[in-house]
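Chemist: Got my_file_36.txt for you, compact mmCIF, C-alpha atoms:
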```txt
# COMPACT_ATOMS: atom_id res chain seq x y z
CA MET A 1 -11.38 -26.53 5.53
CA ALA A 2 -7.62 -26.97 5.13
CA VAL A 3 -5.94 -24.72 2.57
CA LYS A 4 -4.32 -26.73 -0.24
CA ARG A 5 -4.34 -24.43 -3.28
CA VAL A 6 -3.34 -20.77 -2.98
CA GLY A 7 -4.05 -18.04 -5.51
CA ILE A 8 -1.82 -14.97 -5.56
CA VAL A 9 -2.76 -11.79 -7.42
CA GLY A 10 0.04 -9.35 -8.19
CA SER A 11 3.13 -9.39 -10.39
CA GLY A 12 5.55 -7.52 -8.14
CA ILE A 13 8.32 -8.63 -5.82
CA MET A 14 5.89 -9.49 -3.03
CA GLY A 15 3.69 -11.65 -5.26
CA SER A 16 6.57 -13.76 -6.53
CA GLY A 17 8.11 -13.93 -3.06
CA ILE A 18 4.91 -15.20 -1.45
CA ALA A 19 4.50 -17.70 -4.30
CA GLU A 20 7.99 -19.05 -3.57
CA VAL A 21 7.29 -19.39 0.15
CA ALA A 22 3.96 -21.16 -0.40
CA ALA A 23 5.21 -23.50 -3.14
CA LYS A 24 8.30 -24.51 -1.14
CA SER A 25 5.96 -25.33 1.75
CA GLY A 26 3.97 -27.77 -0.39
CA TYR A 27 1.04 -25.63 -1.50
CA GLU A 28 -0.19 -25.58 -5.08
CA VAL A 29 0.10 -21.98 -6.28
CA VAL A 30 -1.78 -20.17 -9.01
CA LEU A 31 0.08 -16.93 -9.71
CA ARG A 32 -1.97 -14.36 -11.60
CA SER A 33 -0.70 -11.33 -13.50
CA ARG A 34 -2.65 -9.14 -15.91
CA ALA A 35 -0.16 -9.64 -18.77
CA GLN A 36 1.58 -12.80 -19.97
CA HIS A 37 5.01 -11.16 -20.08
CA SER A 38 4.79 -10.18 -16.40
CA ALA A 39 3.49 -13.66 -15.50
CA ASP A 40 6.47 -15.18 -17.31
CA ALA A 41 8.79 -12.72 -15.56
CA MET A 42 7.50 -13.84 -12.16
CA VAL A 43 8.19 -17.48 -12.97
CA ALA A 44 11.66 -16.55 -14.24
CA SER A 45 12.32 -14.66 -11.00
CA LEU A 46 11.23 -17.70 -9.00
CA GLU A 47 13.46 -19.98 -11.06
CA LYS A 48 16.43 -17.66 -10.51
CA SER A 49 15.84 -17.49 -6.76
CA LEU A 50 15.59 -21.26 -6.42
CA ALA A 51 18.65 -21.80 -8.63
CA LYS A 52 20.73 -19.60 -6.33
CA GLN A 53 19.58 -21.64 -3.33
CA VAL A 54 20.66 -24.85 -5.07
CA GLU A 55 24.06 -23.33 -5.92
CA ARG A 56 24.56 -22.34 -2.28
CA GLY A 57 23.61 -25.80 -1.04
CA LYS A 58 20.48 -24.54 0.73
CA LEU A 59 18.08 -26.48 -1.49
CA GLU A 60 18.22 -29.82 -3.26
CA ALA A 61 17.70 -29.85 -7.02
CA THR A 62 14.79 -32.26 -6.61
CA ASP A 63 13.10 -29.85 -4.18
CA ARG A 64 13.65 -26.98 -6.63
CA ASP A 65 11.95 -28.96 -9.39
CA ALA A 66 9.08 -29.96 -7.10
CA THR A 67 8.58 -26.34 -6.05
CA LEU A 68 8.48 -25.11 -9.65
CA GLY A 69 6.04 -27.89 -10.49
CA ARG A 70 3.57 -26.55 -7.93
CA VAL A 71 3.44 -23.06 -9.50
CA ARG A 72 1.21 -22.13 -12.42
CA ALA A 73 1.27 -18.59 -13.87
CA VAL A 74 -1.96 -17.30 -15.46
CA THR A 75 -3.48 -14.07 -16.75
CA ASP A 76 -7.18 -14.95 -16.38
CA LEU A 77 -8.54 -14.06 -12.93
CA GLY A 78 -11.09 -16.85 -13.37
CA GLU A 79 -8.26 -19.39 -13.01
CA LEU A 80 -8.34 -18.65 -9.26
CA ALA A 81 -11.83 -20.08 -8.86
CA ASP A 82 -10.57 -23.43 -7.56
CA CYS A 83 -8.30 -21.92 -4.89
CA ASP A 84 -8.97 -22.34 -1.17
CA LEU A 85 -7.21 -19.06 -0.35
CA VAL A 86 -6.68 -16.07 -2.65
CA LEU A 87 -4.15 -13.50 -1.47
CA GLU A 88 -3.92 -10.17 -3.28
CA SER A 89 -0.64 -8.28 -3.40
CA ILE A 90 -1.33 -5.45 -5.85
CA LEU A 91 -0.52 -1.76 -5.46
CA GLU A 92 -1.41 -0.03 -2.18
CA ASP A 93 -4.53 1.68 -3.53
CA LEU A 94 -7.78 1.09 -1.67
CA ASP A 95 -10.08 1.63 -4.67
CA ALA A 96 -8.07 -0.83 -6.77
CA LYS A 97 -8.12 -3.41 -4.01
CA LYS A 98 -11.88 -3.01 -3.44
CA ALA A 99 -12.55 -3.47 -7.15
CA LEU A 100 -10.44 -6.63 -7.13
CA PHE A 101 -12.21 -8.06 -4.08
CA ASP A 102 -15.57 -7.38 -5.68
CA GLU A 103 -14.49 -9.35 -8.77
CA LEU A 104 -12.94 -12.17 -6.76
CA ASP A 105 -16.12 -12.47 -4.72
CA ARG A 106 -18.09 -13.11 -7.91
CA LEU A 107 -15.55 -15.57 -9.34
CA CYS A 108 -14.64 -17.69 -6.31
CA PRO A 109 -16.91 -20.14 -4.45
CA GLU A 110 -18.26 -19.14 -1.05
CA SER A 111 -15.75 -21.39 0.70
CA THR A 112 -12.73 -19.45 -0.61
CA ILE A 113 -10.93 -17.19 1.86
CA LEU A 114 -10.03 -13.80 0.37
CA ALA A 115 -7.01 -12.11 1.94
CA THR A 116 -5.03 -8.93 1.42
CA ASN A 117 -1.31 -8.39 1.80
CA THR A 118 -1.83 -4.69 2.55
CA SER A 119 0.54 -3.24 5.11
CA THR A 120 -1.72 -0.38 6.22
CA LEU A 121 -5.08 -0.07 4.45
CA PRO A 122 -8.36 -0.95 6.26
CA VAL A 123 -9.20 -4.61 5.68
CA VAL A 124 -12.85 -4.07 6.59
CA GLU A 125 -13.40 -1.85 3.55
CA MET A 126 -12.29 -4.67 1.27
CA ALA A 127 -14.39 -7.16 3.22
CA MET A 128 -17.57 -5.12 2.87
CA VAL A 129 -17.54 -5.07 -0.94
CA THR A 130 -17.90 -8.86 -0.83
CA GLY A 131 -20.77 -11.11 0.14
CA ARG A 132 -18.46 -12.99 2.54
CA PRO A 133 -17.01 -10.40 4.96
CA GLU A 134 -16.47 -13.11 7.56
CA LYS A 135 -14.02 -14.84 5.18
CA VAL A 136 -11.86 -11.76 4.49
CA CYS A 137 -8.76 -10.88 6.50
CA GLY A 138 -5.24 -9.55 6.16
CA VAL A 139 -2.24 -11.83 5.65
CA HIS A 140 0.66 -9.38 5.64
CA PHE A 141 4.00 -10.85 4.54
CA PHE A 142 7.11 -8.69 4.80
CA ASN A 143 9.62 -7.96 2.05
CA PRO A 144 11.49 -10.05 1.01
CA ALA A 145 8.92 -12.74 1.80
CA PRO A 146 11.28 -15.74 1.51
CA MET A 147 13.64 -14.25 4.10
CA MET A 148 11.42 -12.38 6.57
CA SER A 149 10.05 -14.58 9.33
CA LEU A 150 6.99 -12.55 10.33
CA VAL A 151 3.42 -12.54 9.00
CA GLU A 152 0.70 -10.32 10.49
CA ILE A 153 -2.74 -11.97 10.46
CA VAL A 154 -5.18 -9.07 10.51
CA ARG A 155 -8.69 -9.47 11.92
CA ALA A 156 -11.29 -7.08 10.56
CA ILE A 157 -14.33 -6.47 12.72
CA THR A 158 -16.22 -8.82 10.37
CA THR A 159 -13.66 -11.67 10.24
CA SER A 160 -14.64 -15.03 11.73
CA ASP A 161 -12.53 -17.04 14.16
CA GLU A 162 -12.43 -19.87 11.62
CA THR A 163 -10.88 -17.60 8.97
CA ILE A 164 -8.21 -16.38 11.40
CA THR A 165 -7.45 -19.98 12.40
CA GLU A 166 -7.10 -21.11 8.77
CA ASP A 167 -4.85 -18.24 7.75
CA THR A 168 -2.71 -18.56 10.86
CA ALA A 169 -2.26 -22.25 10.06
CA PHE A 170 -1.29 -21.35 6.48
CA ALA A 171 1.34 -18.83 7.59
CA THR A 172 2.72 -21.23 10.18
CA ALA A 173 2.93 -24.03 7.60
CA CYS A 174 4.96 -21.61 5.46
CA GLY A 175 7.51 -21.49 8.27
CA LYS A 176 6.51 -18.02 9.44
CA ASN A 177 5.91 -16.58 12.88
CA ALA A 178 2.25 -15.54 12.64
CA VAL A 179 1.06 -12.79 14.97
CA GLN A 180 -2.57 -11.73 15.21
CA VAL A 181 -3.59 -8.07 15.20
CA ASN A 182 -6.84 -6.14 14.92
CA ASP A 183 -7.60 -4.10 11.81
CA GLN A 184 -6.04 -0.71 12.55
CA ALA A 185 -3.86 1.36 10.22
CA GLY A 186 -0.27 0.13 10.27
CA PHE A 187 -1.17 -2.97 12.30
CA ILE A 188 1.82 -3.62 14.62
CA VAL A 189 5.05 -3.22 12.69
CA ASN A 190 4.31 -0.23 10.45
CA ALA A 191 2.51 1.68 13.20
CA LEU A 192 5.71 1.52 15.25
CA MET A 193 8.30 1.67 12.47
CA PHE A 194 7.14 4.47 10.20
CA PRO A 195 7.33 7.34 12.71
CA TYR A 196 10.98 6.30 13.14
CA LEU A 197 11.62 6.25 9.37
CA ASN A 198 9.77 9.53 8.89
CA ASN A 199 11.78 11.26 11.60
CA ALA A 200 15.01 9.99 10.04
CA VAL A 201 14.07 11.82 6.82
CA ARG A 202 13.38 14.97 8.83
CA LEU A 203 16.78 14.74 10.54
CA PHE A 204 18.50 14.33 7.19
CA ASP A 205 16.56 17.17 5.58
CA ALA A 206 17.36 19.48 8.51
CA GLY A 207 21.08 18.78 8.12
CA VAL A 208 21.42 17.34 11.62
CA ALA A 209 23.60 14.53 10.24
CA THR A 210 24.61 13.05 6.93
CA ARG A 211 22.81 10.17 5.29
CA ASP A 212 25.65 7.76 6.04
CA ASP A 213 25.99 8.86 9.66
CA ILE A 214 22.26 8.53 10.34
CA ASP A 215 22.27 4.98 9.01
CA ALA A 216 25.53 4.11 10.77
CA ALA A 217 24.21 5.47 14.07
CA MET A 218 21.09 3.30 14.03
CA LYS A 219 23.00 0.19 12.97
CA GLY A 220 25.78 0.69 15.51
CA GLY A 221 23.72 2.18 18.33
CA CYS A 222 20.59 0.04 18.11
CA ASN A 223 22.01 -3.06 16.40
CA PHE A 224 19.56 -2.69 13.51
CA PRO A 225 20.56 -4.61 10.36
CA MET A 226 19.81 -1.59 8.15
CA GLY A 227 19.75 2.13 8.68
CA PRO A 228 16.42 4.00 8.25
CA LEU A 229 17.33 5.63 4.94
CA GLU A 230 18.60 2.33 3.54
CA LEU A 231 15.36 0.71 4.67
CA LEU A 232 13.22 3.38 3.03
CA ASP A 233 15.03 2.72 -0.25
CA LEU A 234 14.32 -1.00 0.10
CA VAL A 235 10.62 -0.54 0.95
CA GLY A 236 10.17 2.07 -1.78
CA LEU A 237 9.66 5.76 -1.11
CA ASP A 238 6.29 5.76 -2.87
CA THR A 239 5.08 2.85 -0.75
CA SER A 240 6.42 4.53 2.36
CA LEU A 241 4.63 7.77 1.52
CA ALA A 242 1.34 5.90 0.98
CA ILE A 243 1.72 4.14 4.34
CA LEU A 244 2.41 7.40 6.18
CA GLU A 245 -0.56 9.08 4.50
CA ALA A 246 -2.85 6.23 5.59
CA LEU A 247 -1.51 6.37 9.15
CA TYR A 248 -1.94 10.14 9.34
CA ALA A 249 -5.46 9.94 7.90
CA GLU A 250 -6.50 7.55 10.67
CA PHE A 251 -4.69 8.96 13.69
CA LYS A 252 -3.84 12.61 12.84
CA ASP A 253 -0.61 12.15 14.80
CA PRO A 254 2.10 14.64 13.65
CA ASN A 255 4.66 11.82 13.71
CA TYR A 256 2.77 10.25 10.79
CA ALA A 257 2.63 13.43 8.68
CA PRO A 258 5.01 12.64 5.78
CA ALA A 259 8.27 14.60 5.76
CA PRO A 260 8.26 17.19 2.92
CA LEU A 261 11.50 15.76 1.50
CA LEU A 262 9.86 12.35 1.14
CA ARG A 263 7.07 13.91 -0.95
CA ARG A 264 9.58 15.75 -3.12
CA MET A 265 11.61 12.61 -3.77
CA VAL A 266 8.49 10.68 -4.79
CA SER A 267 7.51 13.53 -7.13
CA ALA A 268 10.99 13.28 -8.67
CA GLU A 269 10.51 9.49 -9.06
CA ARG A 270 13.47 8.82 -6.78
CA LEU A 271 11.77 5.82 -5.23
CA GLY A 272 14.74 3.82 -3.98
CA ARG A 273 15.95 0.48 -5.26
CA LYS A 274 13.02 0.05 -7.67
CA THR A 275 14.14 3.09 -9.70
CA ARG A 276 17.84 2.64 -8.80
CA LEU A 277 17.90 6.07 -7.17
CA GLY A 278 16.65 7.15 -3.76
CA PHE A 279 18.61 8.24 -0.71
CA TYR A 280 21.35 6.09 -2.25
CA ASP A 281 22.44 5.74 -5.87
CA TYR A 282 22.12 2.14 -7.15
CA ARG A 283 23.06 2.94 -10.77
CA LYS A 284 26.75 2.31 -10.26
```
In structure tokens, write the structure found in this file.

Modeler:
Amino acid sequence: MAVKRVGIVGSGIMGSGIAEVAAKSGYEVVLRSRAQHSADAMVASLEKSLAKQVERGKLEATDRDATLGRVRAVTDLGELADCDLVLESILEDLDAKKALFDELDRLCPESTILATNTSTLPVVEMAMVTGRPEKVCGVHFFNPAPMMSLVEIVRAITTSDETITEDTAFATACGKNAVQVNDQAGFIVNALMFPYLNNAVRLFDAGVATRDDIDAAMKGGCNFPMGPLELLDLVGLDTSLAILEALYAEFKDPNYAPAPLLRRMVSAERLGRKTRLGFYDYRK
């Protein structure tokens, strides 16, 4: 079964970003949010992103219009019933994701692939609340989805070869480099990256170096495009804390134990760019 219509659940930056990538690649997209105002906001965000691309000469106006014509924003989860692939991109909370997969399993036909955009949580636990565990896998896009070239295709112990093949083909058709990985906390990228980010917070908290010098050192010394504290602000400190907690719960490796400063900043709602205050101040 070739994927033609894609359902996306989630009204955040990732949901709208994945919708843009899929629609630009020719897929029909049904974008679901719980409230009409957030559904409208996602479409407005997509329109703004595409308009900028037209202004910069990176996209033709006709292609912009065609892309927008492939996207439909809805609030009723039942509108996803005719999708070949449904990809959830809601908050990183396992109970919430399991409840959603249970509902999607009842609403969607048996042929529909159900996928999660989780960056860390166990895919198999979502698969096992459905009656189709062989058709559940991870399709992990990176933020911002239109710009980042990588997608991790995550195979749970229950996932069939056919499902992996279909989702790999979908990601490739979206112009992404699809890598396959088994269902283990953090998959490839986060399992390697978050000890680095966590230790950067520890260095900063211990006064070893300033915020600016830590970021400058990693950009200048390792040729990274962003420093670790800048990157944490972009990812979101709350999301980063949740990822580290999931990694530590699975592996009990001290490198995954969240730095105390990270917990304090999340408690203070200094979450990075999303609240305009994190390691950096974005209110200016």

Chemist: How many Å separate CA of Asp212 (chain A) from CA of Asp281 (chain A)?

Modeler: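 Separation of CA of Asp212 (chain A) and CA of Asp281 (chain A): 12.5 Å.
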
Chemist: Counting all atoms listed in the file, which of A:Ala173, A:Leu59, A:Arg270, A:Met14 gets nearest to Asn117 (chain A)?

Modeler: A:Met14

Chemist: Report as JSON, numbers by chain all protein, DNA and RNA residues lying within 10 Å of Ala127 (chain A), evaluated on all atoms listed in the file, omitting residues in the same chain fewer than 4 positions from it.

Modeler: {"A": [98, 101, 102, 105, 114, 115, 116, 122, 123, 131, 132, 133, 134, 135, 136, 137, 138, 156, 157, 158, 159]}

Chemist: Keeping only C-alpha atoms, write the selected residues to a file as a PDB file, keeping the file's coordinate frame.

Modeler:
```pdb
ATOM      1  CA  LYS A  98     -11.880  -3.010  -3.440  1.00  0.00           C
ATOM      2  CA  PHE A 101     -12.210  -8.060  -4.080  1.00  0.00           C
ATOM      3  CA  ASP A 102     -15.570  -7.380  -5.680  1.00  0.00           C
ATOM      4  CA  ASP A 105     -16.120 -12.470  -4.720  1.00  0.00           C
ATOM      5  CA  LEU A 114     -10.030 -13.800   0.370  1.00  0.00           C
ATOM      6  CA  ALA A 115      -7.010 -12.110   1.940  1.00  0.00           C
ATOM      7  CA  THR A 116      -5.030  -8.930   1.420  1.00  0.00           C
ATOM      8  CA  PRO A 122      -8.360  -0.950   6.260  1.00  0.00           C
ATOM      9  CA  VAL A 123      -9.200  -4.610   5.680  1.00  0.00           C
ATOM     10  CA  GLY A 131     -20.770 -11.110   0.140  1.00  0.00           C
ATOM     11  CA  ARG A 132     -18.460 -12.990   2.540  1.00  0.00           C
ATOM     12  CA  PRO A 133     -17.010 -10.400   4.960  1.00  0.00           C
ATOM     13  CA  GLU A 134     -16.470 -13.110   7.560  1.00  0.00           C
ATOM     14  CA  LYS A 135     -14.020 -14.840   5.180  1.00  0.00           C
ATOM     15  CA  VAL A 136     -11.860 -11.760   4.490  1.00  0.00           C
ATOM     16  CA  CYS A 137      -8.760 -10.880   6.500  1.00  0.00           C
ATOM     17  CA  GLY A 138      -5.240  -9.550   6.160  1.00  0.00           C
ATOM     18  CA  ALA A 156     -11.290  -7.080  10.560  1.00  0.00           C
ATOM     19  CA  ILE A 157     -14.330  -6.470  12.720  1.00  0.00           C
ATOM     20  CA  THR A 158     -16.220  -8.820  10.370  1.00  0.00           C
ATOM     21  CA  THR A 159     -13.660 -11.670  10.240  1.00  0.00           C
TER      22      THR A 159
END
```

Chemist: Nearest residue to Ser33 (chain A) out of A:Leu150, A:Ala99, A:Val181, A:Leu80, using only C-alpha atoms?

Modeler: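 Nearest to Ser33 (chain A): A:Leu80.
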
Chemist: By how many Å are CA of Ser45 (chain A) and CA of Gly17 (chain A) apart?

Modeler: 9.0 Å

Chemist: CA of Arg72 (chain A) and CA of Ser11 (chain A), how far apart in Å?

Modeler: 13.0 Å

Chemist: Could you tell me which of A:Glu230, A:Asn255, A:Phe142, A:Glu250 comes closest to Tyr196 (chain A) if we count only C-alpha atoms?

Modeler: A:Asn255

Chemist: Give as a PyMOL selection string each residue that has an atom at most 6 Å from (3.1, -13.3, 3.5) in the file, counting all atoms listed in the file.

Modeler: chain A and resi 18+139-141+151

Chemist: Each residue of region 172-239 of chain A lying at most 12 Å from region 243-249 of chain A should get a row with its shortest atom-to-atom pair and the distance in Å to one decimal, counting all atoms listed in the file; could you produce that, ordered by chain and increasing number, as a Markdown table?

Modeler:
```
| residue | atom | partner | partner_atom | distance |
| --- | --- | --- | --- | --- |
| A:Gln184 | CA | A:Leu247 | CA | 9.1 |
| A:Ala185 | CA | A:Leu247 | CA | 5.6 |
| A:Gly186 | CA | A:Leu247 | CA | 6.5 |
| A:Phe187 | CA | A:Leu247 | CA | 9.9 |
| A:Ile188 | CA | A:Leu247 | CA | 11.9 |
| A:Val189 | CA | A:Ile243 | CA | 11.6 |
| A:Asn190 | CA | A:Ile243 | CA | 7.9 |
| A:Ala191 | CA | A:Leu247 | CA | 7.4 |
| A:Leu192 | CA | A:Leu247 | CA | 10.6 |
| A:Met193 | CA | A:Leu244 | CA | 10.3 |
| A:Phe194 | CA | A:Leu244 | CA | 6.9 |
| A:Pro195 | CA | A:Leu244 | CA | 8.2 |
| A:Tyr196 | CA | A:Leu244 | CA | 11.1 |
| A:Leu197 | CA | A:Leu244 | CA | 9.8 |
| A:Asn198 | CA | A:Leu244 | CA | 8.1 |
| A:Asn199 | CA | A:Leu244 | CA | 11.5 |
| A:Leu232 | CA | A:Ile243 | CA | 11.6 |
| A:Val235 | CA | A:Ile243 | CA | 10.6 |
| A:Gly236 | CA | A:Ile243 | CA | 10.6 |
| A:Leu237 | CA | A:Ile243 | CA | 9.8 |
| A:Asp238 | CA | A:Ile243 | CA | 8.7 |
| A:Thr239 | CA | A:Ile243 | CA | 6.2 |
```

Chemist: Return the single residue from A:Gln53, A:Ser25, A:Ser16, A:Ser89 that is closest to Cys174 (chain A), with distances computed using only C-alpha atoms.

Modeler: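 Once distances to Cys174 (chain A) are computed over only C-alpha atoms, the minimum belongs to A:Ser25.
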
Chemist: Set the distance at 10 Å and use only C-alpha atoms: which residues neighbour Asp205 (chain A) once local chain neighbours fewer than 4 positions away are removed? I'd like the list as JSON, numbers by chain.

Modeler: {"A": [199, 200, 201, 209, 210, 211, 259, 260, 261, 262]}

Chemist: Between A:Ala61, A:Leu100, A:Leu241, A:Leu271, which has the minimum distance to Pro258 (chain A) (counting only C-alpha atoms)?

Modeler: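 Among the listed residues, the smallest separation from Pro258 (chain A) belongs to A:Leu241.
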
Chemist: Counting only C-alpha atoms, figure out which residue out of A:Val86, A:Leu121, A:Arg155, A:Pro146 gets nearest to Leu50 (chain A).

Modeler: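 Residue with the minimum atom-to-atom distance to Leu50 (chain A): A:Pro146.
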
Chemist: May I have the residues within 10 Å of Ser111 (chain A) as JSON, numbers by chain, using all atoms listed in the file and disregarding those fewer than 5 positions away in the same chain?

Modeler: {"A": [1, 82, 83, 84, 85, 132, 135]}

Chemist: For a cutoff of 12 Å around the file-coordinate point (-2.3, -10.7, -11.1), which residues qualify once you count all atoms listed in the file? I'd like the result as number ranges by chain.

Modeler: A: 7-12, 14-16, 19, 30-40, 42, 73-80, 86-91, 97, 100, 104

Chemist: Residues near Pro225 (chain A), anyone? I mean within 12 Å using all atoms listed in the file, not counting same-chain ones fewer than 6 positions away, as a PyMOL selection string.

Modeler: chain A and resi 215-219+231
